[in-house]
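Below you'll find the structure, written out as structure tokens, and then a few comments.
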Amino acid sequence: MRMEREEAKSSKTNETEAVAKAALERALRLGADECAAEVSADRGFSVTYRMGEVEALEYTSEKVLSIAVWKGKRRGSATTSDFSERSVERAVRAAVAIASVAEEDEATGLPEERDLQTEFRDLSLSHPYEGTPEDAIAYLAKAEEAALKVDPSVENTDGAVFTTSSGRFTLVNSLGFSAGYDYSRHDVDCVAVAAKGDDFEQDAWWGQGRSAEELPDPETLGRRAAERAAAKLGRKSIPGGSVRVLFAPYVATEFLDMLEDLLSGRALYRKTSCLLGREGTAILPAHVSVLEDPYIPGAIGSGVFDDEGCAGQRRAIVEKGVLRGKFLSSYTARKLGCRTTGNAGGAYNLILSSSRTTPDMTEKAMLERLGTGLYVTDTIGRGLNPVTGDYSRGVSGFWVERGVIVHPVGGMTLAGNLLDMFLSVEAVGAEVYDNGARRSGSVLLGPVQLSGES
């Protein structure tokens with residue numbers, strides 16, 4: 001079996017590289033000044049299981065060639081999922097034809113050769129699923145069984161899902177860059193439904209990883225989903241006002257997503273970010289930093305190189321509260337008169353931390369620090385104006401008094417300005433949530449405006 005997997009891997013490697021190089025050569029013969037081709041090919045399956053039955057079993061097999069060509073400062077691109085010689089030829093000709101009539105753009109073009117990756121680390125990104133669909137079904141059955149044993153109020157589920165895929169990505173360009181890497185990803189989630197009289201609530205738990213061994217055991221998956229759903233029963237809306245807020249770790253990682261959006265080259269050159277011009281100034285308290293690391297072995301947010309073949313950087317995006325970095329591709333860097341940061345395709349692993357965090361800052365300890373206020377465990381919608389930083393999101397969670405959870409709450413809206421919220425961070429908890437690309441402990445904020453029903 002292992003020999004068969006190695007042979008399949010070798011075959012996939014040869015296919016993706018051969019197709020990419022063939023497309024590149026055709027583009028150059030057809031008059032392209034510069035060109036780049038990327039090929040991805042992956043396979044996997046997904047199982048959906050609910051109330052003792054398999055609802056769906058879907059196999060996936062996807063492959064895509066994307067070709068980009070430049071004629072001067074004009075760019076054209078095309079894609080195809082058919083790797084036959086005729087289809088590849090058709091896609092290349094289409095890209096060249098588009099480049100012949102496209103408008104000129106001084107910022108377009110391949111990256112600078114000096115920015116291309118030259119150190120190809122083994123980041124352990126490929127761990128294909130060793131099991132069978134039957135093994136995945138057995139996993140989901142155990143998860144659902146565990147969910148239904150947690151609390152009498154949980155007699156139903158909205159299903160559990162297991163998804164796995166693995167493949168290879170290859171990139172070549174006319175600067176001489178040619179490289180690729182294998183990858184895999186596995187995801188699970190379970191949704192439990194709790195009911196008491198006319199009160200119905202549902203909630204989920206989940207897991208993901210490059211390796212299936214990183215997934216939670218099925219009993220934990222089901223139990224966490226059921227506990228979360230049952231805890232929501234009897235939710236109340238509370239009067240509005242200015243309250244202290246503690247964001248659960250998995251909710252706090254959303255702040256890192258917002259930070260990425262606000263610091264993307266696209267938002268900066270279009271002047272649609274409230275962080276424009278703030279580099280070198282404090283946007284968080286001095287005890288808080290945000291790091292980016294593309295090279296964490298086995299992490300979902302890691303990458304050997306970015307979508308252009310450029311090297312990522314281990315660096316501080318926010319250093320002791322001060323904004324230091326942004327996320328640029330070659331194109332957006334040129335628009336801003338800067339150099340790429342190796343972030344074509346987005347940010348890599350982002351890690352929020354505080355120099356004041358100590359091992360004893362558990363969930364219980366953070367609730368005690370909160371005192372009286374709102375413990376946010378769910379958010380609804382995006383609710384951020386990127387230009388002004390105005391923030392308004394639906395939230396639910398638990399009302400806390402004197403460090404103790406009193407009752408669940410819902411139907412609430414938090415409103416404020418994200419920049420003010422960033423600066424009001426008081427503490428970051430020690431129990432870190434890692435979704436494979438973002439890492440954070442719980443985040444305690446100073447007073448934020450909460451609106452609800454009287």
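FYI, nothing fancy with the structure tokens labels: chains A, B, ... in order, residues from 1 per chain, ligands from 1 as they appear.
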Contacts of stretch 284-378 of chain A with stretch 440-447 of chain A up to 8 Å, shortest pair per row, only C-alpha atoms, as a tab-separated table:
residue	atom	partner	partner_atom	distance
A:Ile351	CA	A:Ser440	CA	6.2
A:Leu352	CA	A:Ser440	CA	5.1
A:Ser353	CA	A:Ser440	CA	6.7
A:Glu363	CA	A:Ser442	CA	7.7
A:Met366	CA	A:Leu444	CA	7.6
A:Leu370	CA	A:Leu444	CA	7.0
Might you pull out every residue within 12 Å of A:Arg114, with only C-alpha atoms counted and same-chain residues fewer than 5 positions away left off, and present them as JSON, numbers by chain?
{"A": [175, 177, 309, 310, 311, 330, 339, 340, 342]}
Counting only C-alpha atoms, figure out which residue out of A:Val154, A:Leu246, A:Ala231, A:Ala344 gets nearest to A:Leu110.
A:Ala344
Every residue of stretch 282-364 of chain A that DSSP places in helix (DSSP H, G or I), as an MDAnalysis selection string
chainID A and resid 330:336 363:364
Give me a file of those residues, with all heavy atoms, as an mmCIF file, in the first residue's frame.
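Final output, selection_32.cif:
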data_model
loop_
_atom_site.group_PDB
_atom_site.id
_atom_site.type_symbol
_atom_site.label_atom_id
_atom_site.label_comp_id
_atom_site.auth_asym_id
_atom_site.auth_seq_id
_atom_site.Cartn_x
_atom_site.Cartn_y
_atom_site.Cartn_z
ATOM 1 N N SER A 330 3.482 41.202 -5.341
ATOM 2 C CA SER A 330 4.317 42.055 -6.204
ATOM 3 C C SER A 330 3.494 43.187 -6.802
ATOM 4 O O SER A 330 3.960 44.327 -6.879
ATOM 5 C CB SER A 330 4.952 41.209 -7.318
ATOM 6 O OG SER A 330 5.840 40.265 -6.775
ATOM 7 N N TYR A 331 2.266 42.871 -7.207
ATOM 8 C CA TYR A 331 1.422 43.889 -7.825
ATOM 9 C C TYR A 331 1.080 45.002 -6.848
ATOM 10 O O TYR A 331 1.269 46.186 -7.131
ATOM 11 C CB TYR A 331 0.140 43.245 -8.354
ATOM 12 C CG TYR A 331 -0.794 44.233 -9.015
ATOM 13 C CD1 TYR A 331 -0.607 44.609 -10.335
ATOM 14 C CD2 TYR A 331 -1.861 44.802 -8.306
ATOM 15 C CE1 TYR A 331 -1.452 45.526 -10.943
ATOM 16 C CE2 TYR A 331 -2.705 45.714 -8.900
ATOM 17 C CZ TYR A 331 -2.497 46.077 -10.225
ATOM 18 O OH TYR A 331 -3.319 46.999 -10.820
ATOM 19 N N THR A 332 0.561 44.626 -5.657
ATOM 20 C CA THR A 332 0.162 45.672 -4.719
ATOM 21 C C THR A 332 1.374 46.424 -4.178
ATOM 22 O O THR A 332 1.281 47.610 -3.860
ATOM 23 C CB THR A 332 -0.653 45.077 -3.555
ATOM 24 O OG1 THR A 332 0.114 44.074 -2.886
ATOM 25 C CG2 THR A 332 -1.946 44.454 -4.069
ATOM 26 N N ALA A 333 2.517 45.741 -4.089
ATOM 27 C CA ALA A 333 3.740 46.426 -3.663
ATOM 28 C C ALA A 333 4.122 47.525 -4.653
ATOM 29 O O ALA A 333 4.490 48.634 -4.258
ATOM 30 C CB ALA A 333 4.883 45.421 -3.513
ATOM 31 N N ARG A 334 4.035 47.222 -5.934
ATOM 32 C CA ARG A 334 4.362 48.238 -6.944
ATOM 33 C C ARG A 334 3.377 49.402 -6.889
ATOM 34 O O ARG A 334 3.752 50.561 -7.070
ATOM 35 C CB ARG A 334 4.353 47.603 -8.334
ATOM 36 C CG ARG A 334 5.496 46.619 -8.565
ATOM 37 C CD ARG A 334 5.436 46.004 -9.956
ATOM 38 N NE ARG A 334 6.434 44.950 -10.085
ATOM 39 C CZ ARG A 334 6.177 43.707 -10.479
ATOM 40 N NH1 ARG A 334 4.935 43.359 -10.798
ATOM 41 N NH2 ARG A 334 7.143 42.824 -10.571
ATOM 42 N N LYS A 335 2.117 49.101 -6.628
ATOM 43 C CA LYS A 335 1.117 50.166 -6.524
ATOM 44 C C LYS A 335 1.435 51.108 -5.362
ATOM 45 O O LYS A 335 1.104 52.286 -5.396
ATOM 46 C CB LYS A 335 -0.282 49.569 -6.328
ATOM 47 C CG LYS A 335 -0.782 48.731 -7.493
ATOM 48 C CD LYS A 335 -1.138 49.546 -8.713
ATOM 49 C CE LYS A 335 -2.470 50.212 -8.579
ATOM 50 N NZ LYS A 335 -2.899 50.874 -9.838
ATOM 51 N N LEU A 336 2.096 50.557 -4.339
ATOM 52 C CA LEU A 336 2.416 51.352 -3.147
ATOM 53 C C LEU A 336 3.862 51.827 -3.123
ATOM 54 O O LEU A 336 4.289 52.476 -2.159
ATOM 55 C CB LEU A 336 2.140 50.518 -1.894
ATOM 56 C CG LEU A 336 0.662 50.191 -1.611
ATOM 57 C CD1 LEU A 336 0.543 49.066 -0.595
ATOM 58 C CD2 LEU A 336 -0.067 51.439 -1.125
ATOM 59 N N GLU A 363 -9.294 29.823 31.374
ATOM 60 C CA GLU A 363 -10.620 30.392 31.120
ATOM 61 C C GLU A 363 -11.239 30.884 32.428
ATOM 62 O O GLU A 363 -11.799 31.983 32.478
ATOM 63 C CB GLU A 363 -11.525 29.354 30.463
ATOM 64 C CG GLU A 363 -12.950 29.872 30.211
ATOM 65 C CD GLU A 363 -13.884 28.794 29.710
ATOM 66 O OE1 GLU A 363 -13.959 27.728 30.360
ATOM 67 O OE2 GLU A 363 -14.546 29.024 28.689
ATOM 68 N N LYS A 364 -11.139 30.082 33.468
ATOM 69 C CA LYS A 364 -11.704 30.475 34.765
ATOM 70 C C LYS A 364 -11.068 31.767 35.273
ATOM 71 O O LYS A 364 -11.755 32.687 35.741
ATOM 72 C CB LYS A 364 -11.501 29.346 35.785
ATOM 73 C CG LYS A 364 -12.075 29.626 37.170
ATOM 74 C CD LYS A 364 -11.905 28.416 38.069
ATOM 75 C CE LYS A 364 -12.534 28.656 39.440
ATOM 76 N NZ LYS A 364 -11.851 29.724 40.198
#
Just the residues within 9 Å of A:Ala78, please, counting only C-alpha atoms, with nothing from its chain fewer than 4 positions along; format it as a PyMOL selection string.
chain A and resi 65-68+91-96+98
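Computed from the coordinates, the atom CA of A:Leu125 to atom CA of A:Ile300 distance equals 7.6 Å.
Distance check against A:Asp203 using only C-alpha atoms: of A:Arg224, A:Lys73, A:Lys326, A:Lys271, the minimum falls on A:Arg224.
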So what do you get for atom CA of A:Val101 versus atom CA of A:Gly76, distance-wise?
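Between these atoms lies a distance of 8.7 Å.
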